[in-house]
$ cat final13.cif   # mmCIF, N, CA and C atoms and all ligand atoms
data_data
loop_
_atom_site.label_atom_id
_atom_site.label_comp_id
_atom_site.auth_asym_id
_atom_site.auth_seq_id
_atom_site.Cartn_x
_atom_site.Cartn_y
_atom_site.Cartn_z
N MET A 1 108.51 152.23 146.09
CA MET A 1 109.46 152.28 144.96
C MET A 1 109.08 151.23 143.92
N SER A 2 109.28 151.55 142.68
CA SER A 2 108.94 150.63 141.60
C SER A 2 109.85 149.40 141.64
N ILE A 3 109.30 148.24 141.28
CA ILE A 3 110.15 147.05 141.26
C ILE A 3 111.20 147.15 140.16
N ALA A 4 111.00 148.09 139.24
CA ALA A 4 111.97 148.22 138.16
C ALA A 4 113.26 148.86 138.66
N ALA A 5 113.22 149.46 139.84
CA ALA A 5 114.42 150.11 140.35
C ALA A 5 115.35 149.06 140.95
N THR A 6 116.41 148.76 140.25
CA THR A 6 117.38 147.77 140.74
C THR A 6 118.71 148.47 140.94
N HIS A 7 119.66 147.70 141.43
CA HIS A 7 120.98 148.29 141.68
C HIS A 7 121.66 148.57 140.36
N MET A 8 122.23 149.72 140.29
CA MET A 8 122.96 150.10 139.09
C MET A 8 124.27 149.32 139.06
N THR A 9 124.56 148.70 137.96
CA THR A 9 125.82 147.98 137.81
C THR A 9 126.85 148.96 137.25
N THR A 10 128.04 148.92 137.81
CA THR A 10 129.09 149.78 137.25
C THR A 10 129.64 149.12 136.00
N ILE A 11 129.58 149.85 134.92
CA ILE A 11 130.09 149.31 133.66
C ILE A 11 131.48 149.90 133.44
N THR A 12 132.47 149.07 133.62
CA THR A 12 133.84 149.54 133.42
C THR A 12 134.11 149.71 131.92
N ASP A 13 135.19 150.41 131.61
CA ASP A 13 135.56 150.58 130.21
C ASP A 13 135.77 149.25 129.52
N SER A 14 136.38 148.31 130.25
CA SER A 14 136.68 147.02 129.60
C SER A 14 135.40 146.22 129.40
N LEU A 15 134.43 146.32 130.32
CA LEU A 15 133.16 145.63 130.12
C LEU A 15 132.40 146.25 128.95
N LEU A 16 132.43 147.57 128.87
CA LEU A 16 131.78 148.24 127.73
C LEU A 16 132.42 147.80 126.42
N ALA A 17 133.74 147.70 126.41
CA ALA A 17 134.44 147.26 125.19
C ALA A 17 134.02 145.85 124.82
N GLU A 18 133.82 145.00 125.83
CA GLU A 18 133.39 143.63 125.58
C GLU A 18 131.97 143.60 125.01
N LEU A 19 131.10 144.41 125.60
CA LEU A 19 129.71 144.49 125.11
C LEU A 19 129.68 145.00 123.67
N LEU A 20 130.52 145.98 123.41
CA LEU A 20 130.57 146.57 122.06
C LEU A 20 131.02 145.55 121.03
N SER A 21 132.10 144.85 121.33
CA SER A 21 132.59 143.91 120.32
C SER A 21 131.62 142.76 120.17
N ALA A 22 130.93 142.38 121.26
CA ALA A 22 129.94 141.31 121.16
C ALA A 22 128.76 141.75 120.28
N ALA A 23 128.31 142.99 120.45
CA ALA A 23 127.19 143.48 119.64
C ALA A 23 127.59 143.58 118.17
N ARG A 24 128.83 143.96 117.92
CA ARG A 24 129.30 144.03 116.53
C ARG A 24 129.37 142.63 115.92
N ARG A 25 129.80 141.66 116.72
CA ARG A 25 129.83 140.27 116.24
C ARG A 25 128.41 139.78 115.95
N ALA A 26 127.48 140.13 116.83
CA ALA A 26 126.09 139.71 116.65
C ALA A 26 125.51 140.31 115.36
N ARG A 27 125.87 141.55 115.09
CA ARG A 27 125.34 142.23 113.89
C ARG A 27 125.69 141.48 112.61
N VAL A 28 126.84 140.84 112.61
CA VAL A 28 127.27 140.09 111.42
C VAL A 28 126.29 138.95 111.11
N ARG A 29 125.60 138.47 112.12
CA ARG A 29 124.64 137.36 111.95
C ARG A 29 123.29 137.83 111.45
N ALA A 30 123.09 139.13 111.32
CA ALA A 30 121.76 139.63 110.96
C ALA A 30 121.22 138.94 109.71
N TYR A 31 119.94 138.61 109.75
CA TYR A 31 119.24 138.12 108.56
C TYR A 31 118.33 139.26 108.13
N ALA A 32 118.84 140.07 107.22
CA ALA A 32 118.12 141.28 106.84
C ALA A 32 118.12 141.45 105.32
N PRO A 33 117.57 140.44 104.59
CA PRO A 33 117.62 140.51 103.13
C PRO A 33 116.69 141.57 102.56
N TYR A 34 115.73 142.06 103.34
CA TYR A 34 114.74 143.00 102.80
C TYR A 34 115.18 144.43 103.04
N SER A 35 115.54 144.75 104.26
CA SER A 35 115.97 146.12 104.55
C SER A 35 117.46 146.31 104.26
N ARG A 36 118.21 145.23 104.30
CA ARG A 36 119.68 145.30 104.21
C ARG A 36 120.25 146.18 105.31
N PHE A 37 119.54 146.25 106.41
CA PHE A 37 119.97 147.06 107.55
C PHE A 37 120.23 146.11 108.71
N SER A 38 121.50 145.84 108.95
CA SER A 38 121.89 144.87 109.97
C SER A 38 122.05 145.54 111.33
N VAL A 39 121.51 144.87 112.34
CA VAL A 39 121.61 145.39 113.71
C VAL A 39 122.08 144.27 114.62
N GLY A 40 122.91 144.62 115.58
CA GLY A 40 123.34 143.67 116.61
C GLY A 40 123.07 144.25 117.97
N ALA A 41 122.78 143.39 118.92
CA ALA A 41 122.53 143.85 120.29
C ALA A 41 123.24 142.95 121.27
N ALA A 42 123.74 143.54 122.34
CA ALA A 42 124.35 142.80 123.44
C ALA A 42 123.73 143.29 124.74
N LEU A 43 123.31 142.34 125.55
CA LEU A 43 122.67 142.67 126.83
C LEU A 43 123.48 142.07 127.96
N LEU A 44 123.71 142.86 128.99
CA LEU A 44 124.36 142.37 130.21
C LEU A 44 123.27 141.98 131.20
N ASP A 45 123.32 140.74 131.70
CA ASP A 45 122.27 140.33 132.62
C ASP A 45 122.67 140.49 134.08
N ASN A 46 121.78 140.10 134.96
CA ASN A 46 121.97 140.27 136.40
C ASN A 46 123.08 139.41 136.95
N LEU A 47 123.54 138.42 136.18
CA LEU A 47 124.65 137.58 136.63
C LEU A 47 125.95 137.98 135.95
N GLY A 48 125.92 139.07 135.21
CA GLY A 48 127.13 139.54 134.54
C GLY A 48 127.41 138.86 133.22
N ARG A 49 126.43 138.12 132.74
CA ARG A 49 126.61 137.43 131.46
C ARG A 49 126.12 138.30 130.31
N ILE A 50 126.67 138.04 129.13
CA ILE A 50 126.31 138.81 127.94
C ILE A 50 125.49 137.92 127.01
N HIS A 51 124.37 138.46 126.53
CA HIS A 51 123.49 137.74 125.60
C HIS A 51 123.37 138.56 124.32
N LEU A 52 123.35 137.84 123.20
CA LEU A 52 123.43 138.53 121.91
C LEU A 52 122.19 138.32 121.07
N GLY A 53 121.98 139.27 120.18
CA GLY A 53 120.89 139.13 119.22
C GLY A 53 121.17 139.91 117.96
N CYS A 54 120.55 139.47 116.87
CA CYS A 54 120.58 140.20 115.60
C CYS A 54 119.14 140.30 115.10
N ASN A 55 118.91 141.20 114.15
CA ASN A 55 117.57 141.25 113.58
C ASN A 55 117.36 140.07 112.64
N VAL A 56 116.14 139.59 112.63
CA VAL A 56 115.76 138.42 111.83
C VAL A 56 114.50 138.80 111.06
N GLU A 57 114.67 139.11 109.79
CA GLU A 57 113.53 139.58 108.99
C GLU A 57 112.76 138.41 108.40
N ASN A 58 111.63 138.73 107.78
CA ASN A 58 110.76 137.69 107.25
C ASN A 58 110.10 138.22 105.98
N ALA A 59 109.84 137.30 105.05
CA ALA A 59 109.18 137.68 103.79
C ALA A 59 107.82 138.32 104.07
N ALA A 60 107.17 137.88 105.14
CA ALA A 60 105.96 138.57 105.62
C ALA A 60 106.48 139.67 106.55
N TYR A 61 106.73 140.83 105.99
CA TYR A 61 107.55 141.87 106.64
C TYR A 61 107.25 142.12 108.12
N PRO A 62 105.98 142.22 108.52
CA PRO A 62 105.74 142.56 109.94
C PRO A 62 106.21 141.48 110.91
N GLN A 63 106.50 140.30 110.40
CA GLN A 63 106.96 139.22 111.29
C GLN A 63 108.44 139.32 111.62
N GLY A 64 109.13 140.27 111.03
CA GLY A 64 110.55 140.45 111.33
C GLY A 64 110.76 140.80 112.79
N GLN A 65 111.94 140.44 113.28
CA GLN A 65 112.24 140.66 114.70
C GLN A 65 113.49 141.51 114.83
N CYS A 66 113.44 142.45 115.74
CA CYS A 66 114.60 143.31 115.99
C CYS A 66 115.70 142.57 116.75
N ALA A 67 116.90 143.10 116.65
CA ALA A 67 118.06 142.52 117.34
C ALA A 67 117.84 142.46 118.85
N GLU A 68 117.25 143.51 119.39
CA GLU A 68 117.03 143.56 120.84
C GLU A 68 116.10 142.43 121.27
N ALA A 69 115.08 142.17 120.47
CA ALA A 69 114.11 141.12 120.82
C ALA A 69 114.80 139.75 120.80
N THR A 70 115.65 139.54 119.82
CA THR A 70 116.40 138.27 119.75
C THR A 70 117.27 138.12 120.99
N ALA A 71 117.93 139.20 121.38
CA ALA A 71 118.83 139.15 122.54
C ALA A 71 118.05 138.93 123.83
N ILE A 72 116.89 139.53 123.92
CA ILE A 72 116.06 139.32 125.12
C ILE A 72 115.64 137.86 125.20
N GLY A 73 115.29 137.27 124.07
CA GLY A 73 114.95 135.84 124.07
C GLY A 73 116.11 134.98 124.54
N ALA A 74 117.32 135.32 124.10
CA ALA A 74 118.51 134.56 124.52
C ALA A 74 118.73 134.72 126.02
N LEU A 75 118.54 135.93 126.51
CA LEU A 75 118.74 136.19 127.95
C LEU A 75 117.73 135.38 128.77
N VAL A 76 116.50 135.40 128.35
CA VAL A 76 115.47 134.67 129.11
C VAL A 76 115.73 133.17 129.05
N MET A 77 116.11 132.68 127.88
CA MET A 77 116.38 131.24 127.75
C MET A 77 117.56 130.80 128.62
N ALA A 78 118.50 131.71 128.84
CA ALA A 78 119.67 131.37 129.67
C ALA A 78 119.38 131.56 131.16
N GLY A 79 118.17 131.95 131.48
CA GLY A 79 117.82 132.13 132.89
C GLY A 79 118.08 133.52 133.42
N GLY A 80 118.40 134.44 132.54
CA GLY A 80 118.60 135.82 132.97
C GLY A 80 117.28 136.42 133.44
N LEU A 81 117.41 137.29 134.44
CA LEU A 81 116.20 137.90 135.02
C LEU A 81 116.11 139.39 134.75
N ARG A 82 117.28 140.03 134.66
CA ARG A 82 117.29 141.50 134.53
C ARG A 82 118.33 141.90 133.50
N ILE A 83 118.10 143.06 132.91
CA ILE A 83 119.07 143.66 131.98
C ILE A 83 119.74 144.82 132.71
N HIS A 84 121.07 144.78 132.81
CA HIS A 84 121.80 145.83 133.52
C HIS A 84 122.51 146.79 132.57
N ALA A 85 122.63 146.43 131.30
CA ALA A 85 123.20 147.33 130.31
C ALA A 85 122.88 146.76 128.93
N ALA A 86 122.79 147.66 127.95
CA ALA A 86 122.52 147.23 126.58
C ALA A 86 123.40 148.01 125.61
N VAL A 87 123.85 147.33 124.57
CA VAL A 87 124.56 147.99 123.48
C VAL A 87 123.88 147.58 122.17
N VAL A 88 123.59 148.57 121.34
CA VAL A 88 122.97 148.31 120.04
C VAL A 88 123.91 148.86 118.97
N VAL A 89 124.18 148.05 117.96
CA VAL A 89 125.10 148.45 116.89
C VAL A 89 124.40 148.43 115.54
N GLY A 90 124.47 149.54 114.85
CA GLY A 90 123.94 149.65 113.50
C GLY A 90 124.68 150.77 112.79
N VAL A 91 124.61 150.76 111.47
CA VAL A 91 125.37 151.74 110.69
C VAL A 91 124.39 152.65 109.95
N ALA A 92 124.37 153.90 110.34
CA ALA A 92 123.48 154.89 109.72
C ALA A 92 124.05 156.27 110.00
N ASP A 93 123.51 157.27 109.30
CA ASP A 93 123.97 158.64 109.56
C ASP A 93 123.67 159.05 110.99
N GLU A 94 122.48 158.69 111.44
CA GLU A 94 122.07 159.01 112.81
C GLU A 94 122.38 157.83 113.71
N PRO A 95 122.62 158.06 114.99
CA PRO A 95 122.81 156.93 115.91
C PRO A 95 121.61 155.99 115.86
N VAL A 96 121.90 154.68 115.84
CA VAL A 96 120.83 153.67 115.73
C VAL A 96 120.32 153.35 117.14
N THR A 97 119.35 154.14 117.56
CA THR A 97 118.73 153.93 118.87
C THR A 97 117.65 152.85 118.76
N PRO A 98 117.37 152.17 119.86
CA PRO A 98 116.33 151.13 119.81
C PRO A 98 114.98 151.71 119.37
N CYS A 99 114.25 150.95 118.56
CA CYS A 99 112.93 151.40 118.12
C CYS A 99 111.99 151.47 119.32
N GLY A 100 110.86 152.08 119.12
CA GLY A 100 109.91 152.25 120.23
C GLY A 100 109.50 150.94 120.86
N GLY A 101 109.21 149.96 120.00
CA GLY A 101 108.78 148.66 120.53
C GLY A 101 109.88 148.01 121.37
N CYS A 102 111.12 148.17 120.93
CA CYS A 102 112.23 147.55 121.68
C CYS A 102 112.51 148.30 122.98
N ARG A 103 112.24 149.59 123.00
CA ARG A 103 112.37 150.31 124.28
C ARG A 103 111.42 149.69 125.30
N GLN A 104 110.22 149.39 124.86
CA GLN A 104 109.25 148.76 125.76
C GLN A 104 109.68 147.34 126.12
N ARG A 105 110.22 146.61 125.15
CA ARG A 105 110.70 145.24 125.45
C ARG A 105 111.81 145.27 126.48
N LEU A 106 112.74 146.20 126.32
CA LEU A 106 113.85 146.32 127.28
C LEU A 106 113.31 146.70 128.65
N ARG A 107 112.32 147.55 128.65
CA ARG A 107 111.77 148.06 129.91
C ARG A 107 111.21 146.95 130.81
N GLU A 108 110.78 145.86 130.18
CA GLU A 108 110.25 144.74 130.96
C GLU A 108 111.29 144.20 131.93
N PHE A 109 112.57 144.28 131.54
CA PHE A 109 113.65 143.65 132.31
C PHE A 109 114.68 144.65 132.82
N ALA A 110 114.49 145.92 132.54
CA ALA A 110 115.53 146.91 132.87
C ALA A 110 114.93 148.07 133.65
N ALA A 111 115.73 148.65 134.51
CA ALA A 111 115.30 149.81 135.28
C ALA A 111 115.51 151.09 134.47
N ASP A 112 114.89 152.16 134.96
CA ASP A 112 115.04 153.46 134.29
C ASP A 112 116.50 153.89 134.15
N ASP A 113 117.33 153.47 135.11
CA ASP A 113 118.74 153.92 135.07
C ASP A 113 119.63 152.97 134.26
N CYS A 114 119.03 152.00 133.60
CA CYS A 114 119.83 151.05 132.80
C CYS A 114 120.52 151.79 131.66
N PRO A 115 121.84 151.69 131.55
CA PRO A 115 122.53 152.39 130.46
C PRO A 115 122.36 151.67 129.13
N ILE A 116 122.16 152.47 128.10
CA ILE A 116 122.05 151.94 126.73
C ILE A 116 123.02 152.73 125.85
N TRP A 117 123.96 152.01 125.29
CA TRP A 117 124.89 152.63 124.36
C TRP A 117 124.50 152.24 122.94
N VAL A 118 124.68 153.15 122.01
CA VAL A 118 124.53 152.82 120.60
C VAL A 118 125.84 153.13 119.91
N ALA A 119 126.14 152.33 118.91
CA ALA A 119 127.45 152.43 118.27
C ALA A 119 127.35 152.00 116.82
N ASP A 120 128.35 152.41 116.06
CA ASP A 120 128.49 151.86 114.71
C ASP A 120 129.72 150.94 114.74
N LEU A 121 130.32 150.70 113.59
CA LEU A 121 131.41 149.72 113.57
C LEU A 121 132.70 150.28 114.17
N ASP A 122 132.77 151.58 114.28
CA ASP A 122 134.03 152.19 114.74
C ASP A 122 133.91 152.98 116.03
N HIS A 123 132.74 153.54 116.27
CA HIS A 123 132.62 154.49 117.37
C HIS A 123 131.34 154.30 118.17
N LEU A 124 131.42 154.70 119.44
CA LEU A 124 130.20 154.90 120.21
C LEU A 124 129.51 156.13 119.63
N ARG A 125 128.19 156.04 119.48
CA ARG A 125 127.46 157.18 118.89
C ARG A 125 126.49 157.83 119.85
N GLY A 126 126.19 157.14 120.95
CA GLY A 126 125.26 157.72 121.91
C GLY A 126 125.24 156.92 123.19
N HIS A 127 124.85 157.59 124.27
CA HIS A 127 124.77 156.95 125.59
C HIS A 127 123.56 157.54 126.29
N TYR A 128 122.63 156.68 126.63
CA TYR A 128 121.37 157.11 127.22
C TYR A 128 121.05 156.20 128.41
N THR A 129 120.04 156.58 129.17
CA THR A 129 119.43 155.62 130.08
C THR A 129 118.10 155.21 129.45
N LEU A 130 117.60 154.05 129.90
CA LEU A 130 116.30 153.62 129.39
C LEU A 130 115.23 154.66 129.71
N GLY A 131 115.34 155.27 130.91
CA GLY A 131 114.36 156.28 131.30
C GLY A 131 114.35 157.49 130.37
N GLN A 132 115.51 157.81 129.81
CA GLN A 132 115.56 158.92 128.84
C GLN A 132 114.87 158.52 127.54
N LEU A 133 115.07 157.26 127.15
CA LEU A 133 114.51 156.82 125.86
C LEU A 133 113.02 156.49 125.97
N LEU A 134 112.59 156.13 127.18
CA LEU A 134 111.19 155.74 127.37
C LEU A 134 110.68 156.31 128.70
N PRO A 135 110.46 157.62 128.73
CA PRO A 135 110.03 158.24 129.98
C PRO A 135 108.58 157.87 130.31
N TYR A 136 108.24 157.95 131.60
CA TYR A 136 106.86 157.71 132.05
C TYR A 136 106.33 156.39 131.51
N SER A 137 107.17 155.36 131.59
CA SER A 137 106.82 154.11 130.90
C SER A 137 105.79 153.29 131.67
N PHE A 138 105.15 152.44 130.94
CA PHE A 138 104.24 151.44 131.50
C PHE A 138 105.05 150.18 131.71
N GLY A 139 104.86 149.53 132.88
CA GLY A 139 105.64 148.32 133.14
C GLY A 139 104.92 147.35 134.03
N PRO A 140 105.63 146.29 134.42
CA PRO A 140 105.01 145.22 135.21
C PRO A 140 104.38 145.73 136.49
N ASN A 141 104.96 146.77 137.07
CA ASN A 141 104.41 147.28 138.35
C ASN A 141 102.98 147.80 138.20
N HIS A 142 102.63 148.24 136.99
CA HIS A 142 101.27 148.72 136.78
C HIS A 142 100.24 147.60 136.93
N LEU A 143 100.68 146.39 136.77
CA LEU A 143 99.74 145.24 136.80
C LEU A 143 99.68 144.63 138.18
N ARG A 144 100.41 145.22 139.12
CA ARG A 144 100.50 144.62 140.46
C ARG A 144 99.63 145.34 141.50
N ALA A 145 98.71 146.14 141.05
CA ALA A 145 97.88 146.93 141.99
C ALA A 145 97.02 146.00 142.85
N1 LIG A 201 115.95 147.08 113.82
C1 LIG A 201 116.48 146.47 114.93
O1 LIG A 201 116.92 145.32 114.87
N2 LIG A 201 116.48 147.16 116.09
C2 LIG A 201 116.01 148.43 116.24
O2 LIG A 201 115.90 148.92 117.35
C3 LIG A 201 115.68 149.22 115.04
C4 LIG A 201 115.40 148.42 113.83
C5 LIG A 201 115.90 146.31 112.57
C6 LIG A 201 114.50 145.91 112.18
C7 LIG A 201 114.65 145.70 110.69
O3 LIG A 201 115.12 144.37 110.46
C8 LIG A 201 115.76 146.66 110.30
O4 LIG A 201 116.39 147.07 111.50
C9 LIG A 201 115.25 147.90 109.59
O5 LIG A 201 114.25 148.52 110.31
#

$ encode --input "final13.cif" --output "structure tokens" --more "lines below"
Ligand code: THU
Amino acid sequence: MSIAATHMTTITDSLLAELLSAARRARVRAYAPYSRFSVGAALLDNLGRIHLGCNVENAAYPQGQCAEATAIGALVMAGGLRIHAAVVVGVADEPVTPCGGCRQRLREFAADDCPIWVADLDHLRGHYTLGQLLPYSFGPNHLRA
């Protein structure tokens, strides 16, 4: 079995509500003067703690960082080892799903069954697993042969 397969955490309605409001709070911190597209992310770690991130853009555009990447850095700095749930908040016509690069970043710390919710300021807009967003993924287990 892949090392990415961890125990699924039950996300209660109240925990989801907490993750949602935390991601919305994080979004307010976005530094996005170029795109004007603010994103917030909240990650639940293996100890039940919530870590937050916002996107941080840069005048040298490719150096900008997504909200998920910021949140992963916060999780790692706090000693978190695994991601058991993620919420991403952005405002657009379509649900703001994690970009391809962030799907891979999340995959480093999350199992295929890790739930990912996306939301805007008022509503949940989508609910996926990481495996749905990034099927047949490459991960740490590939390097352990
Ligand atoms: N962005 C994120 O923060 N997360 C995503 O998954 C999608 C895109 C940010 C990057 C950039 O600052 C802005 O949204 C527009 O692409």

$ residues_near_ligand --input "final13.cif" --ligand "ligand LIG 201 (chain A)" --cutoff "8 Å" --atoms "only C-alpha atoms and all ligand atoms" --output "ChimeraX atom specification"
/A:31-32,34-41,54-57,64-69,88,96-103

$ write_last_selection --input "final13.cif" --atoms "N, CA and C atoms" --output "tab-separated table (two decimals), in the frame of the given file"
chain	number	residue	atom	x	y	z
A	31	TYR	N	119.94	138.61	109.75
A	31	TYR	CA	119.24	138.12	108.56
A	31	TYR	C	118.33	139.26	108.13
A	32	ALA	N	118.84	140.07	107.22
A	32	ALA	CA	118.12	141.28	106.84
A	32	ALA	C	118.12	141.45	105.32
A	34	TYR	N	115.73	142.06	103.34
A	34	TYR	CA	114.74	143.00	102.80
A	34	TYR	C	115.18	144.43	103.04
A	35	SER	N	115.54	144.75	104.26
A	35	SER	CA	115.97	146.12	104.55
A	35	SER	C	117.46	146.31	104.26
A	36	ARG	N	118.21	145.23	104.30
A	36	ARG	CA	119.68	145.30	104.21
A	36	ARG	C	120.25	146.18	105.31
A	37	PHE	N	119.54	146.25	106.41
A	37	PHE	CA	119.97	147.06	107.55
A	37	PHE	C	120.23	146.11	108.71
A	38	SER	N	121.50	145.84	108.95
A	38	SER	CA	121.89	144.87	109.97
A	38	SER	C	122.05	145.54	111.33
A	39	VAL	N	121.51	144.87	112.34
A	39	VAL	CA	121.61	145.39	113.71
A	39	VAL	C	122.08	144.27	114.62
A	40	GLY	N	122.91	144.62	115.58
A	40	GLY	CA	123.34	143.67	116.61
A	40	GLY	C	123.07	144.25	117.97
A	41	ALA	N	122.78	143.39	118.92
A	41	ALA	CA	122.53	143.85	120.29
A	41	ALA	C	123.24	142.95	121.27
A	54	CYS	N	120.55	139.47	116.87
A	54	CYS	CA	120.58	140.20	115.60
A	54	CYS	C	119.14	140.30	115.10
A	55	ASN	N	118.91	141.20	114.15
A	55	ASN	CA	117.57	141.25	113.58
A	55	ASN	C	117.36	140.07	112.64
A	56	VAL	N	116.14	139.59	112.63
A	56	VAL	CA	115.76	138.42	111.83
A	56	VAL	C	114.50	138.80	111.06
A	57	GLU	N	114.67	139.11	109.79
A	57	GLU	CA	113.53	139.58	108.99
A	57	GLU	C	112.76	138.41	108.40
A	64	GLY	N	109.13	140.27	111.03
A	64	GLY	CA	110.55	140.45	111.33
A	64	GLY	C	110.76	140.80	112.79
A	65	GLN	N	111.94	140.44	113.28
A	65	GLN	CA	112.24	140.66	114.70
A	65	GLN	C	113.49	141.51	114.83
A	66	CYS	N	113.44	142.45	115.74
A	66	CYS	CA	114.60	143.31	115.99
A	66	CYS	C	115.70	142.57	116.75
A	67	ALA	N	116.90	143.10	116.65
A	67	ALA	CA	118.06	142.52	117.34
A	67	ALA	C	117.84	142.46	118.85
A	68	GLU	N	117.25	143.51	119.39
A	68	GLU	CA	117.03	143.56	120.84
A	68	GLU	C	116.10	142.43	121.27
A	69	ALA	N	115.08	142.17	120.47
A	69	ALA	CA	114.11	141.12	120.82
A	69	ALA	C	114.80	139.75	120.80
A	88	VAL	N	123.59	148.57	121.34
A	88	VAL	CA	122.97	148.31	120.04
A	88	VAL	C	123.91	148.86	118.97
A	96	VAL	N	121.90	154.68	115.84
A	96	VAL	CA	120.83	153.67	115.73
A	96	VAL	C	120.32	153.35	117.14
A	97	THR	N	119.35	154.14	117.56
A	97	THR	CA	118.73	153.93	118.87
A	97	THR	C	117.65	152.85	118.76
A	98	PRO	N	117.37	152.17	119.86
A	98	PRO	CA	116.33	151.13	119.81
A	98	PRO	C	114.98	151.71	119.37
A	99	CYS	N	114.25	150.95	118.56
A	99	CYS	CA	112.93	151.40	118.12
A	99	CYS	C	111.99	151.47	119.32
A	100	GLY	N	110.86	152.08	119.12
A	100	GLY	CA	109.91	152.25	120.23
A	100	GLY	C	109.50	150.94	120.86
A	101	GLY	N	109.21	149.96	120.00
A	101	GLY	CA	108.78	148.66	120.53
A	101	GLY	C	109.88	148.01	121.37
A	102	CYS	N	111.12	148.17	120.93
A	102	CYS	CA	112.23	147.55	121.68
A	102	CYS	C	112.51	148.30	122.98
A	103	ARG	N	112.24	149.59	123.00
A	103	ARG	CA	112.37	150.31	124.28
A	103	ARG	C	111.42	149.69	125.30

$ closest_residue --input "final13.cif" --among "A:Leu130, A:Val28, A:Ala60, A:Leu19" --to "A:Ala111" --atoms "all atoms listed in the file"
A:Leu130

$ residues_around --input "final13.cif" --residues "A:Leu134" --least-positions-apart "5" --cutoff "8 Å" --atoms "all atoms listed in the file" --output "list in words"
Arg103, Gln104, Asp112 and Thr129 of chain A

$ write_last_selection --input "final13.cif" --atoms "N, CA and C atoms" --output "compact mmCIF listing (two decimals), in the coordinates of the input"
# COMPACT_ATOMS: atom_id res chain seq x y z
N ARG A 103 112.24 149.59 123.00
CA ARG A 103 112.37 150.31 124.28
C ARG A 103 111.42 149.69 125.30
N GLN A 104 110.22 149.39 124.86
CA GLN A 104 109.25 148.76 125.76
C GLN A 104 109.68 147.34 126.12
N ASP A 112 114.89 152.16 134.96
CA ASP A 112 115.04 153.46 134.29
C ASP A 112 116.50 153.89 134.15
N THR A 129 120.04 156.58 129.17
CA THR A 129 119.43 155.62 130.08
C THR A 129 118.10 155.21 129.45

$ residues_around --input "final13.cif" --residues "A:Trp117" --least-positions-apart "4" --cutoff "7 Å" --atoms "all atoms listed in the file" --output "CSV table (one decimal) with N, CA and C atoms, in the frame of the given file"
chain,number,residue,atom,x,y,z
A,85,ALA,N,122.6,146.4,131.3
A,85,ALA,CA,123.2,147.3,130.3
A,85,ALA,C,122.9,146.8,128.9
A,86,ALA,N,122.8,147.7,128.0
A,86,ALA,CA,122.5,147.2,126.6
A,86,ALA,C,123.4,148.0,125.6
A,87,VAL,N,123.8,147.3,124.6
A,87,VAL,CA,124.6,148.0,123.5
A,87,VAL,C,123.9,147.6,122.2
A,88,VAL,N,123.6,148.6,121.3
A,88,VAL,CA,123.0,148.3,120.0
A,88,VAL,C,123.9,148.9,119.0
A,89,VAL,N,124.2,148.0,118.0
A,89,VAL,CA,125.1,148.4,116.9
A,89,VAL,C,124.4,148.4,115.5
A,124,LEU,N,131.4,154.7,119.4
A,124,LEU,CA,130.2,154.9,120.2
A,124,LEU,C,129.5,156.1,119.6
A,125,ARG,N,128.2,156.0,119.5
A,125,ARG,CA,127.5,157.2,118.9
A,125,ARG,C,126.5,157.8,119.8
A,126,GLY,N,126.2,157.1,121.0
A,126,GLY,CA,125.3,157.7,121.9
A,126,GLY,C,125.2,156.9,123.2
A,127,HIS,N,124.8,157.6,124.3
A,127,HIS,CA,124.8,157.0,125.6
A,127,HIS,C,123.6,157.5,126.3
A,128,TYR,N,122.6,156.7,126.6
A,128,TYR,CA,121.4,157.1,127.2
A,128,TYR,C,121.0,156.2,128.4

$ atom_distance --input "final13.cif" --atom1 "atom N of A:Thr9" --atom2 "atom N of A:Gly131"
13.3 Å

$ atom_distance --input "final13.cif" --atom1 "atom CA of A:Gln132" --atom2 "atom CA of A:Ala71"
21.0 Å

$ residues_near_point --input "final13.cif" --point "(120.6, 141.5, 127.3)" --cutoff "6 Å" --atoms "only N, CA and C atoms" --output "PyMOL selection string"
chain A and resi 42-45+51+71-72+75+83+85

$ write_last_selection --input "final13.cif" --atoms "N, CA and C atoms" --output "short mmCIF file (atom, residue, chain, number, x, y, z; two decimals), keeping the file's coordinate frame"
data_model
loop_
_atom_site.label_atom_id
_atom_site.label_comp_id
_atom_site.auth_asym_id
_atom_site.auth_seq_id
_atom_site.Cartn_x
_atom_site.Cartn_y
_atom_site.Cartn_z
N ALA A 42 123.74 143.54 122.34
CA ALA A 42 124.35 142.80 123.44
C ALA A 42 123.73 143.29 124.74
N LEU A 43 123.31 142.34 125.55
CA LEU A 43 122.67 142.67 126.83
C LEU A 43 123.48 142.07 127.96
N LEU A 44 123.71 142.86 128.99
CA LEU A 44 124.36 142.37 130.21
C LEU A 44 123.27 141.98 131.20
N ASP A 45 123.32 140.74 131.70
CA ASP A 45 122.27 140.33 132.62
C ASP A 45 122.67 140.49 134.08
N HIS A 51 124.37 138.46 126.53
CA HIS A 51 123.49 137.74 125.60
C HIS A 51 123.37 138.56 124.32
N ALA A 71 117.93 139.20 121.38
CA ALA A 71 118.83 139.15 122.54
C ALA A 71 118.05 138.93 123.83
N ILE A 72 116.89 139.53 123.92
CA ILE A 72 116.06 139.32 125.12
C ILE A 72 115.64 137.86 125.20
N LEU A 75 118.54 135.93 126.51
CA LEU A 75 118.74 136.19 127.95
C LEU A 75 117.73 135.38 128.77
N ILE A 83 118.10 143.06 132.91
CA ILE A 83 119.07 143.66 131.98
C ILE A 83 119.74 144.82 132.71
N ALA A 85 122.63 146.43 131.30
CA ALA A 85 123.20 147.33 130.31
C ALA A 85 122.88 146.76 128.93
#

$ closest_residue --input "final13.cif" --among "A:Leu121, A:Ala26, A:Pro115, A:Glu108" --to "A:Gly90" --atoms "all atoms listed in the file"
A:Leu121

$ atom_distance --input "final13.cif" --atom1 "atom N of A:Leu15" --atom2 "atom C of A:Phe138"
29.7 Å

$ decode --input "final13.cif" --residues "stretch 40-46 of chain A" --atoms "C-alpha atoms" --output "CSV table (one decimal), in the first residue's frame"
chain,number,residue,atom,x,y,z
A,40,GLY,CA,-7.4,31.9,0.9
A,41,ALA,CA,-6.6,28.3,2.0
A,42,ALA,CA,-7.1,26.4,5.2
A,43,LEU,CA,-5.5,23.0,5.9
A,44,LEU,CA,-6.3,20.6,8.6
A,45,ASP,CA,-3.2,18.8,9.8
A,46,ASN,CA,-2.7,15.4,11.4
